[in-house]
Structures are given as structure tokens and as C-alpha cells.
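Below: model.cif (mmCIF, C-alpha atoms)
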```cif
data_upload
loop_
_atom_site.group_PDB
_atom_site.id
_atom_site.type_symbol
_atom_site.label_atom_id
_atom_site.label_comp_id
_atom_site.auth_asym_id
_atom_site.auth_seq_id
_atom_site.Cartn_x
_atom_site.Cartn_y
_atom_site.Cartn_z
ATOM 1 C CA MET A 1 -13.900 8.620 23.524
ATOM 2 C CA ASP A 2 -14.668 10.092 20.090
ATOM 3 C CA ALA A 3 -11.077 11.243 19.702
ATOM 4 C CA ALA A 4 -9.783 7.767 20.545
ATOM 5 C CA SER A 5 -12.284 5.994 18.338
ATOM 6 C CA TYR A 6 -11.819 8.186 15.258
ATOM 7 C CA SER A 7 -8.022 8.494 15.412
ATOM 8 C CA TYR A 8 -6.235 7.059 12.375
ATOM 9 C CA THR A 9 -2.961 6.500 14.258
ATOM 10 C CA LYS A 10 -1.998 4.674 17.437
ATOM 11 C CA ASN A 11 -0.286 7.765 18.785
ATOM 12 C CA GLY A 12 -3.482 9.800 18.504
ATOM 13 C CA PHE A 13 -5.390 6.931 20.117
ATOM 14 C CA ASP A 14 -2.975 6.774 23.071
ATOM 15 C CA LEU A 15 -3.115 10.542 23.614
ATOM 16 C CA ALA A 16 -6.916 10.505 23.629
ATOM 17 C CA MET A 17 -7.031 7.598 26.065
ATOM 18 C CA GLU A 18 -4.599 9.355 28.414
ATOM 19 C CA SER A 19 -6.784 12.449 28.278
ATOM 20 C CA MET A 20 -9.825 10.332 29.143
ATOM 21 C CA LYS A 21 -7.942 8.733 32.029
ATOM 22 C CA ARG A 22 -7.132 12.149 33.485
ATOM 23 C CA ASP A 23 -10.726 13.255 33.096
ATOM 24 C CA CYS A 24 -12.513 10.130 34.332
ATOM 25 C CA VAL A 25 -10.703 7.016 35.536
ATOM 26 C CA GLU A 26 -13.931 4.987 35.705
ATOM 27 C CA ALA A 27 -14.703 5.622 32.034
ATOM 28 C CA TYR A 28 -11.139 4.728 31.057
ATOM 29 C CA GLU A 29 -11.176 1.463 33.003
ATOM 30 C CA TRP A 30 -14.549 0.527 31.505
ATOM 31 C CA LEU A 31 -13.397 1.233 27.946
ATOM 32 C CA VAL A 32 -10.057 -0.602 28.092
ATOM 33 C CA LYS A 33 -11.918 -3.826 28.888
ATOM 34 C CA ILE A 34 -13.459 -3.746 25.385
ATOM 35 C CA PRO A 35 -11.138 -5.010 22.600
ATOM 36 C CA ALA A 36 -9.889 -1.901 20.807
ATOM 37 C CA GLU A 37 -10.071 -3.532 17.373
ATOM 38 C CA THR A 38 -13.864 -3.559 17.654
ATOM 39 C CA TRP A 39 -14.230 0.211 18.011
ATOM 40 C CA ALA A 40 -10.890 1.984 17.349
ATOM 41 C CA ARG A 41 -10.285 3.116 13.776
ATOM 42 C CA HIS A 42 -6.498 2.820 13.839
ATOM 43 C CA LEU A 43 -6.727 -0.989 14.224
ATOM 44 C CA PHE A 44 -9.032 -1.531 11.238
ATOM 45 C CA ASP A 45 -7.926 -3.862 8.451
ATOM 46 C CA THR A 46 -6.563 -1.818 5.548
ATOM 47 C CA ASN A 47 -7.858 -4.378 3.023
ATOM 48 C CA CYS A 48 -11.456 -3.267 3.583
ATOM 49 C CA LYS A 49 -10.800 0.349 2.482
ATOM 50 C CA THR A 50 -13.281 1.882 4.889
ATOM 51 C CA ASP A 51 -12.924 4.027 7.995
ATOM 52 C CA LEU A 52 -16.569 3.755 9.025
ATOM 53 C CA VAL A 53 -16.810 3.418 12.812
ATOM 54 C CA VAL A 54 -20.601 3.595 13.234
ATOM 55 C CA ASN A 55 -23.141 1.005 12.044
ATOM 56 C CA ASN A 56 -24.821 3.191 9.409
ATOM 57 C CA ILE A 57 -24.623 0.430 6.784
ATOM 58 C CA SER A 58 -26.808 -1.921 8.820
ATOM 59 C CA GLU A 59 -29.176 0.933 9.679
ATOM 60 C CA VAL A 60 -29.670 1.704 5.978
ATOM 61 C CA PHE A 61 -30.511 -1.932 5.261
ATOM 62 C CA ASN A 62 -32.782 -2.044 8.301
ATOM 63 C CA ARG A 63 -34.740 0.944 6.962
ATOM 64 C CA MET A 64 -34.984 -0.670 3.541
ATOM 65 C CA ILE A 65 -36.735 -3.777 4.922
ATOM 66 C CA LEU A 66 -38.809 -1.845 7.449
ATOM 67 C CA ASN A 67 -42.190 -2.817 5.945
ATOM 68 C CA VAL A 68 -41.410 -6.556 5.668
ATOM 69 C CA ARG A 69 -39.195 -7.379 8.646
ATOM 70 C CA ASN A 70 -42.167 -8.001 11.006
ATOM 71 C CA LYS A 71 -43.899 -10.439 8.659
ATOM 72 C CA PRO A 72 -43.720 -14.264 8.837
ATOM 73 C CA ILE A 73 -40.324 -15.606 7.819
ATOM 74 C CA ARG A 74 -41.282 -16.796 4.307
ATOM 75 C CA THR A 75 -43.104 -13.570 3.497
ATOM 76 C CA MET A 76 -40.241 -11.565 4.955
ATOM 77 C CA LEU A 77 -37.575 -13.361 2.902
ATOM 78 C CA GLU A 78 -39.659 -13.051 -0.251
ATOM 79 C CA GLY A 79 -40.085 -9.335 0.393
ATOM 80 C CA ILE A 80 -36.333 -8.840 0.894
ATOM 81 C CA ARG A 81 -35.615 -10.819 -2.278
ATOM 82 C CA ASN A 82 -38.001 -8.647 -4.292
ATOM 83 C CA LYS A 83 -36.449 -5.448 -2.951
ATOM 84 C CA LEU A 84 -32.902 -6.575 -3.740
ATOM 85 C CA MET A 85 -33.922 -7.868 -7.179
ATOM 86 C CA VAL A 86 -35.378 -4.486 -8.130
ATOM 87 C CA LYS A 87 -32.469 -2.563 -6.590
ATOM 88 C CA TYR A 88 -29.787 -4.608 -8.357
ATOM 89 C CA SER A 89 -31.565 -4.300 -11.699
ATOM 90 C CA GLY A 90 -32.039 -0.535 -11.349
ATOM 91 C CA THR A 91 -28.439 -0.025 -10.234
ATOM 92 C CA ARG A 92 -27.118 -1.946 -13.260
ATOM 93 C CA VAL A 93 -29.138 0.254 -15.603
ATOM 94 C CA LYS A 94 -27.988 3.500 -13.943
ATOM 95 C CA ALA A 95 -24.356 2.387 -13.777
ATOM 96 C CA ALA A 96 -24.312 1.514 -17.480
ATOM 97 C CA ALA A 97 -25.657 4.955 -18.381
ATOM 98 C CA SER A 98 -23.472 6.914 -15.939
ATOM 99 C CA ARG A 99 -20.479 8.943 -17.097
ATOM 100 C CA TRP A 100 -18.462 9.047 -13.905
ATOM 101 C CA ASP A 101 -15.280 7.032 -13.400
ATOM 102 C CA ILE A 102 -15.286 7.270 -9.591
ATOM 103 C CA THR A 103 -18.471 6.902 -7.543
ATOM 104 C CA PRO A 104 -20.046 10.314 -6.752
ATOM 105 C CA PHE A 105 -19.630 10.029 -2.976
ATOM 106 C CA TYR A 106 -15.896 9.379 -3.179
ATOM 107 C CA THR A 107 -15.511 11.986 -5.883
ATOM 108 C CA GLU A 108 -16.672 14.506 -3.274
ATOM 109 C CA LYS A 109 -14.210 13.038 -0.754
ATOM 110 C CA LEU A 110 -11.373 13.483 -3.218
ATOM 111 C CA ALA A 111 -12.468 17.040 -4.011
ATOM 112 C CA GLU A 112 -12.349 17.860 -0.297
ATOM 113 C CA ALA A 113 -8.821 16.426 -0.059
ATOM 114 C CA LYS A 114 -7.792 18.595 -3.015
ATOM 115 C CA ARG A 115 -9.023 21.723 -1.243
ATOM 116 C CA TRP A 116 -7.091 20.905 1.943
ATOM 117 C CA SER A 117 -3.953 20.007 -0.039
ATOM 118 C CA ARG A 118 -3.410 23.707 -0.749
ATOM 119 C CA ASP A 119 -2.265 24.113 2.856
ATOM 120 C CA CYS A 120 0.383 21.386 2.522
ATOM 121 C CA ASN A 121 4.003 21.672 1.428
ATOM 122 C CA ALA A 122 5.477 18.554 -0.218
ATOM 123 C CA GLN A 123 9.229 17.940 -0.425
ATOM 124 C CA ASN A 124 10.781 15.073 -2.338
ATOM 125 C CA CYS A 125 13.097 12.587 -0.589
ATOM 126 C CA GLU A 126 13.545 10.043 -3.380
ATOM 127 C CA ILE A 127 11.487 8.598 -6.208
ATOM 128 C CA GLY A 128 7.963 8.057 -4.878
ATOM 129 C CA LEU A 129 8.770 9.171 -1.315
ATOM 130 C CA TRP A 130 7.732 12.620 -0.082
ATOM 131 C CA GLN A 131 7.780 14.585 3.149
ATOM 132 C CA VAL A 132 4.603 16.641 3.501
ATOM 133 C CA THR A 133 4.109 19.405 6.062
ATOM 134 C CA SER A 134 0.610 20.714 6.739
ATOM 135 C CA SER A 135 -0.323 24.208 7.882
ATOM 136 C CA SER A 136 -0.732 22.905 11.445
ATOM 137 C CA GLY A 137 2.923 21.843 11.468
ATOM 138 C CA ARG A 138 2.276 18.110 11.207
ATOM 139 C CA VAL A 139 4.898 16.254 9.154
ATOM 140 C CA VAL A 140 4.059 12.939 7.469
ATOM 141 C CA ALA A 141 5.726 10.633 4.951
ATOM 142 C CA VAL A 142 3.853 9.872 1.717
ATOM 143 C CA ASN A 143 4.792 6.874 -0.420
ATOM 144 C CA LEU A 144 3.209 7.164 -3.860
ATOM 145 C CA ILE A 145 4.467 3.739 -4.923
ATOM 146 C CA ASN A 146 2.888 1.852 -2.002
ATOM 147 C CA LYS A 147 -0.024 4.337 -1.788
ATOM 148 C CA THR A 148 0.445 4.981 1.918
ATOM 149 C CA CYS A 149 0.592 8.063 4.127
ATOM 150 C CA GLY A 150 1.838 8.624 7.663
ATOM 151 C CA CYS A 151 -1.603 9.868 8.723
ATOM 152 C CA ARG A 152 -2.979 6.437 7.639
ATOM 153 C CA LYS A 153 -6.143 7.956 6.165
ATOM 154 C CA TRP A 154 -5.109 6.944 2.649
ATOM 155 C CA ASP A 155 -4.246 3.443 3.887
ATOM 156 C CA LEU A 156 -7.689 2.884 5.399
ATOM 157 C CA THR A 157 -9.982 4.612 2.900
ATOM 158 C CA GLY A 158 -8.250 4.029 -0.427
ATOM 159 C CA ILE A 159 -8.789 7.716 -1.278
ATOM 160 C CA PRO A 160 -5.690 9.966 -1.383
ATOM 161 C CA CYS A 161 -5.655 12.294 1.618
ATOM 162 C CA ASN A 162 -4.659 15.955 1.439
ATOM 163 C CA HIS A 163 -1.007 15.047 2.116
ATOM 164 C CA ALA A 164 -0.977 12.536 -0.726
ATOM 165 C CA VAL A 165 -2.733 14.936 -3.099
ATOM 166 C CA ALA A 166 -0.077 17.576 -2.397
ATOM 167 C CA ALA A 167 2.666 15.101 -3.352
ATOM 168 C CA ILE A 168 0.756 13.899 -6.426
ATOM 169 C CA MET A 169 0.344 17.470 -7.639
ATOM 170 C CA LYS A 170 4.098 18.008 -7.279
ATOM 171 C CA VAL A 171 4.806 15.236 -9.791
ATOM 172 C CA GLN A 172 2.085 16.668 -12.079
ATOM 173 C CA GLN A 173 -0.137 13.600 -11.966
ATOM 174 C CA HIS A 174 -3.861 13.136 -11.385
ATOM 175 C CA PRO A 175 -5.102 12.128 -7.892
ATOM 176 C CA GLU A 176 -7.915 10.172 -9.570
ATOM 177 C CA ASP A 177 -5.336 7.648 -10.809
ATOM 178 C CA TYR A 178 -4.399 6.844 -7.203
ATOM 179 C CA VAL A 179 -7.956 6.055 -6.034
ATOM 180 C CA ASN A 180 -8.481 2.414 -5.082
ATOM 181 C CA ASP A 181 -10.274 0.233 -7.639
ATOM 182 C CA PHE A 182 -13.047 -0.421 -5.107
ATOM 183 C CA PHE A 183 -14.520 3.007 -5.876
ATOM 184 C CA LYS A 184 -14.237 2.995 -9.651
ATOM 185 C CA LYS A 185 -16.926 2.169 -12.181
ATOM 186 C CA PRO A 186 -15.763 -1.342 -13.231
ATOM 187 C CA MET A 187 -15.779 -2.586 -9.642
ATOM 188 C CA TYR A 188 -19.125 -0.884 -9.001
ATOM 189 C CA ILE A 189 -20.666 -2.680 -11.974
ATOM 190 C CA GLU A 190 -19.092 -5.967 -10.872
ATOM 191 C CA THR A 191 -20.677 -5.592 -7.426
ATOM 192 C CA PHE A 192 -24.201 -5.585 -8.865
ATOM 193 C CA ARG A 193 -23.489 -7.955 -11.765
ATOM 194 C CA HIS A 194 -25.200 -10.972 -10.209
ATOM 195 C CA THR A 195 -28.851 -11.405 -11.094
ATOM 196 C CA ILE A 196 -31.453 -12.268 -8.469
ATOM 197 C CA TYR A 197 -33.850 -14.507 -10.393
ATOM 198 C CA PRO A 198 -37.659 -14.684 -9.983
ATOM 199 C CA VAL A 199 -39.056 -17.376 -7.705
ATOM 200 C CA PRO A 200 -42.389 -19.124 -8.537
ATOM 201 C CA GLY A 201 -45.305 -18.548 -6.191
ATOM 202 C CA PRO A 202 -46.779 -21.179 -3.807
ATOM 203 C CA GLU A 203 -49.269 -22.347 -6.434
ATOM 204 C CA ASP A 204 -46.365 -23.619 -8.600
ATOM 205 C CA TRP A 205 -44.386 -25.294 -5.837
ATOM 206 C CA THR A 206 -43.607 -29.016 -6.213
ATOM 207 C CA ARG A 207 -45.551 -31.186 -3.819
ATOM 208 C CA THR A 208 -43.519 -33.628 -1.701
ATOM 209 C CA ASN A 209 -44.417 -36.724 0.293
ATOM 210 C CA THR A 210 -43.177 -35.187 3.527
ATOM 211 C CA PRO A 211 -45.672 -33.680 5.972
ATOM 212 C CA ASP A 212 -46.286 -29.965 5.748
ATOM 213 C CA ILE A 213 -44.612 -27.694 8.266
ATOM 214 C CA ASP A 214 -47.263 -25.806 10.157
ATOM 215 C CA PRO A 215 -46.559 -22.223 11.136
ATOM 216 C CA PRO A 216 -45.988 -21.531 14.820
ATOM 217 C CA VAL A 217 -49.001 -20.636 16.902
ATOM 218 C CA PHE A 218 -49.264 -16.877 17.065
ATOM 219 C CA ARG A 219 -50.378 -15.309 20.295
ATOM 220 C CA GLU A 220 -51.132 -11.626 20.548
ATOM 221 C CA LYS A 221 -49.082 -10.161 23.359
ATOM 222 C CA PRO A 222 -50.812 -7.843 25.796
ATOM 223 C CA GLY A 223 -50.029 -4.164 25.750
ATOM 224 C CA ARG A 224 -49.199 -1.675 23.070
ATOM 225 C CA LYS A 225 -47.113 -2.922 20.128
ATOM 226 C CA GLN A 226 -43.613 -1.520 19.754
ATOM 227 C CA TYR A 227 -42.532 -0.355 16.316
ATOM 228 C CA LYS A 228 -39.618 1.913 17.184
ATOM 229 C CA ARG A 229 -36.104 0.655 17.775
ATOM 230 C CA ARG A 230 -35.031 0.238 21.394
ATOM 231 C CA LYS A 231 -32.276 2.697 22.160
ATOM 232 C CA GLY A 232 -29.030 1.698 23.831
ATOM 233 C CA LYS A 233 -28.301 2.270 27.482
ATOM 234 C CA PHE A 234 -25.990 5.219 26.813
ATOM 235 C CA GLU A 235 -27.691 6.509 23.648
ATOM 236 C CA VAL A 236 -28.833 10.113 23.732
ATOM 237 C CA PRO A 237 -32.636 10.299 23.344
ATOM 238 C CA ALA A 238 -34.034 12.138 20.348
ATOM 239 C CA PRO A 239 -35.419 15.621 21.007
ATOM 240 C CA ARG A 240 -39.139 15.719 21.620
ATOM 241 C CA ASP A 241 -41.376 17.124 18.908
ATOM 242 C CA THR A 242 -42.944 20.308 20.264
ATOM 243 C CA SER A 243 -44.185 21.641 16.929
ATOM 244 C CA ARG A 244 -47.826 21.083 17.913
ATOM 245 C CA MET A 245 -47.494 22.583 21.378
ATOM 246 C CA GLY A 246 -48.666 26.101 22.134
ATOM 247 C CA SER A 247 -46.777 28.654 24.154
ATOM 248 C CA ILE A 248 -45.494 27.363 27.493
ATOM 249 C CA THR A 249 -46.968 28.982 30.607
ATOM 250 C CA CYS A 250 -45.273 28.713 33.961
ATOM 251 C CA SER A 251 -47.550 27.109 36.540
ATOM 252 C CA ASN A 252 -45.819 29.093 39.293
ATOM 253 C CA CYS A 253 -45.767 32.736 38.132
ATOM 254 C CA LYS A 254 -48.250 32.335 35.206
ATOM 255 C CA LEU A 255 -45.840 34.031 32.782
ATOM 256 C CA VAL A 256 -45.359 32.723 29.246
ATOM 257 C CA GLY A 257 -42.044 31.387 27.948
ATOM 258 C CA HIS A 258 -40.717 29.044 30.634
ATOM 259 C CA ARG A 259 -41.674 26.194 32.965
ATOM 260 C CA TYR A 260 -41.851 26.150 36.723
ATOM 261 C CA THR A 261 -38.581 24.181 36.863
ATOM 262 C CA SER A 262 -36.633 27.214 35.599
ATOM 263 C CA CYS A 263 -38.776 29.900 37.208
ATOM 264 C CA GLN A 264 -36.874 32.676 38.988
ATOM 265 C CA VAL A 265 -39.725 33.324 41.420
ATOM 266 C CA ALA A 266 -39.846 31.338 44.653
ATOM 267 C CA LEU A 267 -41.781 28.129 44.010
ATOM 268 C CA ARG A 268 -45.016 27.320 45.748
ATOM 269 C CA PRO A 269 -44.680 24.439 48.242
ATOM 270 C CA SER A 270 -46.556 21.958 46.034
ATOM 271 C CA LEU A 271 -44.358 22.744 43.001
ATOM 272 C CA GLN A 272 -41.206 22.608 45.113
ATOM 273 C CA VAL A 273 -42.154 19.116 46.279
ATOM 274 C CA ARG A 274 -42.822 18.053 42.684
ATOM 275 C CA LYS A 275 -39.451 19.445 41.531
ATOM 276 C CA ASN A 276 -37.625 17.682 44.366
ATOM 277 C CA ASP A 277 -39.235 14.375 43.415
ATOM 278 C CA HIS A 278 -37.693 14.604 39.906
ATOM 279 C CA GLN A 279 -34.188 15.354 41.134
ATOM 280 C CA VAL A 280 -31.706 12.502 41.421
ATOM 281 C CA SER A 281 -30.235 12.255 44.889
ATOM 282 C CA SER A 282 -26.427 12.188 45.064
#
```

Do you think you could lay out the structure here as C-alpha cells?
Amino acid sequence: MDAASYSYTKNGFDLAMESMKRDCVEAYEWLVKIPAETWARHLFDTNCKTDLVVNNISEVFNRMILNVRNKPIRTMLEGIRNKLMVKYSGTRVKAAASRWDITPFYTEKLAEAKRWSRDCNAQNCEIGLWQVTSSSGRVVAVNLINKTCGCRKWDLTGIPCNHAVAAIMKVQQHPEDYVNDFFKKPMYIETFRHTIYPVPGPEDWTRTNTPDIDPPVFREKPGRKQYKRRKGKFEVPAPRDTSRMGSITCSNCKLVGHRYTSCQVALRPSLQVRKNDHQVSS
């Protein structure tokens, strides 16, 4: 599934799906029912200039508002506004004082592409069109005029891939000039240009003739409150923290270093019954 989801090309997607079908038909039939454009990278819109498949962006924002998201709606919105107001202001100050032309994260991406470009051989076909062969034997077409590559990584991310960098170096130009404007300083400053203005407190609000809106009645739910995010059905659980646990002693042979579930000595009847209870019947 990872190979199909992260493939930049339809051919790579099809090969991965065929491999999944040979391995598990049930998984293949379940996955093909989901629209591929919602999870397959090769169908992403090239205007967005991102190849991000996971939802890390929303998770970052969710962590940012962690201490206000459980508050009443007005308090929550005011807290989010304050956070964004401070963030935008601080980002404008740092961006004005910065000396980089391309954002640091994508500068590292471009540097990685430069390193991998050493293993590529670029051959010119005509002005702006190159045939690039990588060390693995893969052959792609690079168009420097349209800023596209046969591997489609450049098309999706806006950052020249190793194939494109190899062709750019052949014409003795700078790969930085081929980076999309989304990741350059002027566009970065434009993103945070808008000011989030202060909002007066409740004591300065204008009184109206309409009746006040009372808050909903709050009822404390029974049981322990949940603060952690509910994991998905197929999400792998996080490893348990055992830093405060002492050495493990087997309850069967009394030796240190393992549990009774992995003990090599024949289990006592009571432990065997307990182990059988935890096993899933086929």
C-alpha cells in the first residue's frame, strides 16, 4: 500500500497494486473501492506543489491549539486568534531579517537532489529537452522549459529532482533558479503579510437590544476524561513506556529477562490456561 500511495507515476502505482493483489486479494478489493485521488500521490494536482500524503499539516495545527481547543467556543476562537496573531507577527519579523532566498526546508531538499544528481547522466535532445539516465538504469525525459520531469517529482513538488539537477548542471545554470516561487522569500513574506488585528474584550462590546445568548448547559460526563486522540482502526499503537519498570521476572521459571508467554520451560497449568485465553482463535 505504501508503494502505491507514494508512487509519483501511474505505472509505479499499477505495479504496486498488482503486487498487493497477488499478496492479498481482500486488501486489494478493499482499497480499490476508495477513490485513488484521495490517497495516491500520482493523481495529486500539480498546482499545489506538494507531495504530502499524510495529514501532518493538520496535526501540527492541532498541537498548536492543544491548550484552547477544549474551551468554550468564544474562548477557544479568541485563543486561536491570539496564537495566530503572535505567530504571524513573529514570522514577519524573522522573514525580514533572514538572508535566505529559498526557505530552509526546501533548501535541504534541493541539496539532497544535488547529491543524487551525481549518479545521473544527462544527454541533450534539443534546446531545453534532456534524456537523463540514473545509476539504477531508469531513463526519464527532463524539460527545462516547462519545468517537468518524467519521474513527476519535479512536477508535484516544484523543487528540481536529481534528474532535473543533472540536466541543469549540464547547461551550467543554477538549480535554485528553477525552484517554484512558492518556496522563495517574496512568496513567504506575502503569505504572512496580512495582519490579525486586536479585538476588544467583553467589557468594551456594544450592547444590543436583542436578548443575550445563554451558553449551553454543561453536564459533567461520568467516567475518566479523555485527553488523548482516538487512534484509527488500523493505526499501529504506540510502544508502551517501560522506563519506570524494573527487571522482568518470569512467573513460570522465576528467571529474569522474559515473561511467561515466551518461556521455554513447560508452563504450569494455570499459566497455560491464561495464555490460551489471550490467543485469538482461528

Quick one: residues within 9 Å of range 81-87 of chain A, only C-alpha atoms counted, chain neighbours fewer than 4 positions away excluded, as a PyMOL selection string? chain A and resi 64-65+76-77+91-92+195-198

Could you take the residues named above and write them with C-alpha atoms, as a PDB file, in the frame of the given file?
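Final output, saved to part.pdb:
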```pdb
ATOM      1  CA  MET A  64     -34.984  -0.670   3.541  1.00  0.00           C
ATOM      2  CA  ILE A  65     -36.735  -3.777   4.922  1.00  0.00           C
ATOM      3  CA  MET A  76     -40.241 -11.565   4.955  1.00  0.00           C
ATOM      4  CA  LEU A  77     -37.575 -13.361   2.902  1.00  0.00           C
ATOM      5  CA  THR A  91     -28.439  -0.025 -10.234  1.00  0.00           C
ATOM      6  CA  ARG A  92     -27.118  -1.946 -13.260  1.00  0.00           C
ATOM      7  CA  THR A 195     -28.851 -11.405 -11.094  1.00  0.00           C
ATOM      8  CA  ILE A 196     -31.453 -12.268  -8.469  1.00  0.00           C
ATOM      9  CA  TYR A 197     -33.850 -14.507 -10.393  1.00  0.00           C
ATOM     10  CA  PRO A 198     -37.659 -14.684  -9.983  1.00  0.00           C
TER      11      PRO A 198
END
```

With 3 Å on each side, where is the centre of the axis-aligned box around all listed atoms of range 69-83 of chain A, and how long are its edges in Å to one decimal, as lines of an AutoDock Vina configuration file?
```
center_x = -39.8
center_y = -11.1
center_z = 3.4
size_x = 14.3
size_y = 17.3
size_z = 21.3
```

Spatial neighbours of Leu156 in chain A, 12 Å, only C-alpha atoms, chain gap at least 3 places, as a PyMOL selection string: chain A and resi 6-9+41-53+147-153+159-161+179-180

Looking at A:Ile102, A:Val54, A:Leu271, A:Ala27, which one is nearest to Cys250 in chain A, with distances taken over only C-alpha atoms?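 Closest to Cys250 in chain A, using only C-alpha atoms: A:Leu271.
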
Ground truth for the PyMOL selection byres ((chain A and resi 36) around 12), written as a list of chain:residue names: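 Listing what the PyMOL selection byres ((chain A and resi 36) around 12) selects in the shown file: A:Met1, A:Ala4, A:Ser5, A:Tyr6, A:Ser7, A:Lys10, A:Phe13, A:Asp14, A:Met17, A:Trp30, A:Leu31, A:Val32, A:Lys33, A:Ile34, A:Pro35, A:Glu37, A:Thr38, A:Trp39, A:Ala40, A:Arg41, A:His42, A:Leu43, A:Phe44, A:Val53.
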
Assuming the chain letters and numbering stay as they are in my file, what does the PyMOL selection byres ((chain A and resi 186) around 12) actually select? List them as a list of chain:residue names.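 On the file shown, the PyMOL selection byres ((chain A and resi 186) around 12) covers A:Arg92, A:Ala95, A:Ala96, A:Ser98, A:Arg99, A:Trp100, A:Asp101, A:Ile102, A:Thr103, A:Asn180, A:Asp181, A:Phe182, A:Phe183, A:Lys184, A:Lys185, A:Met187, A:Tyr188, A:Ile189, A:Glu190, A:Thr191, A:Phe192, A:Arg193.
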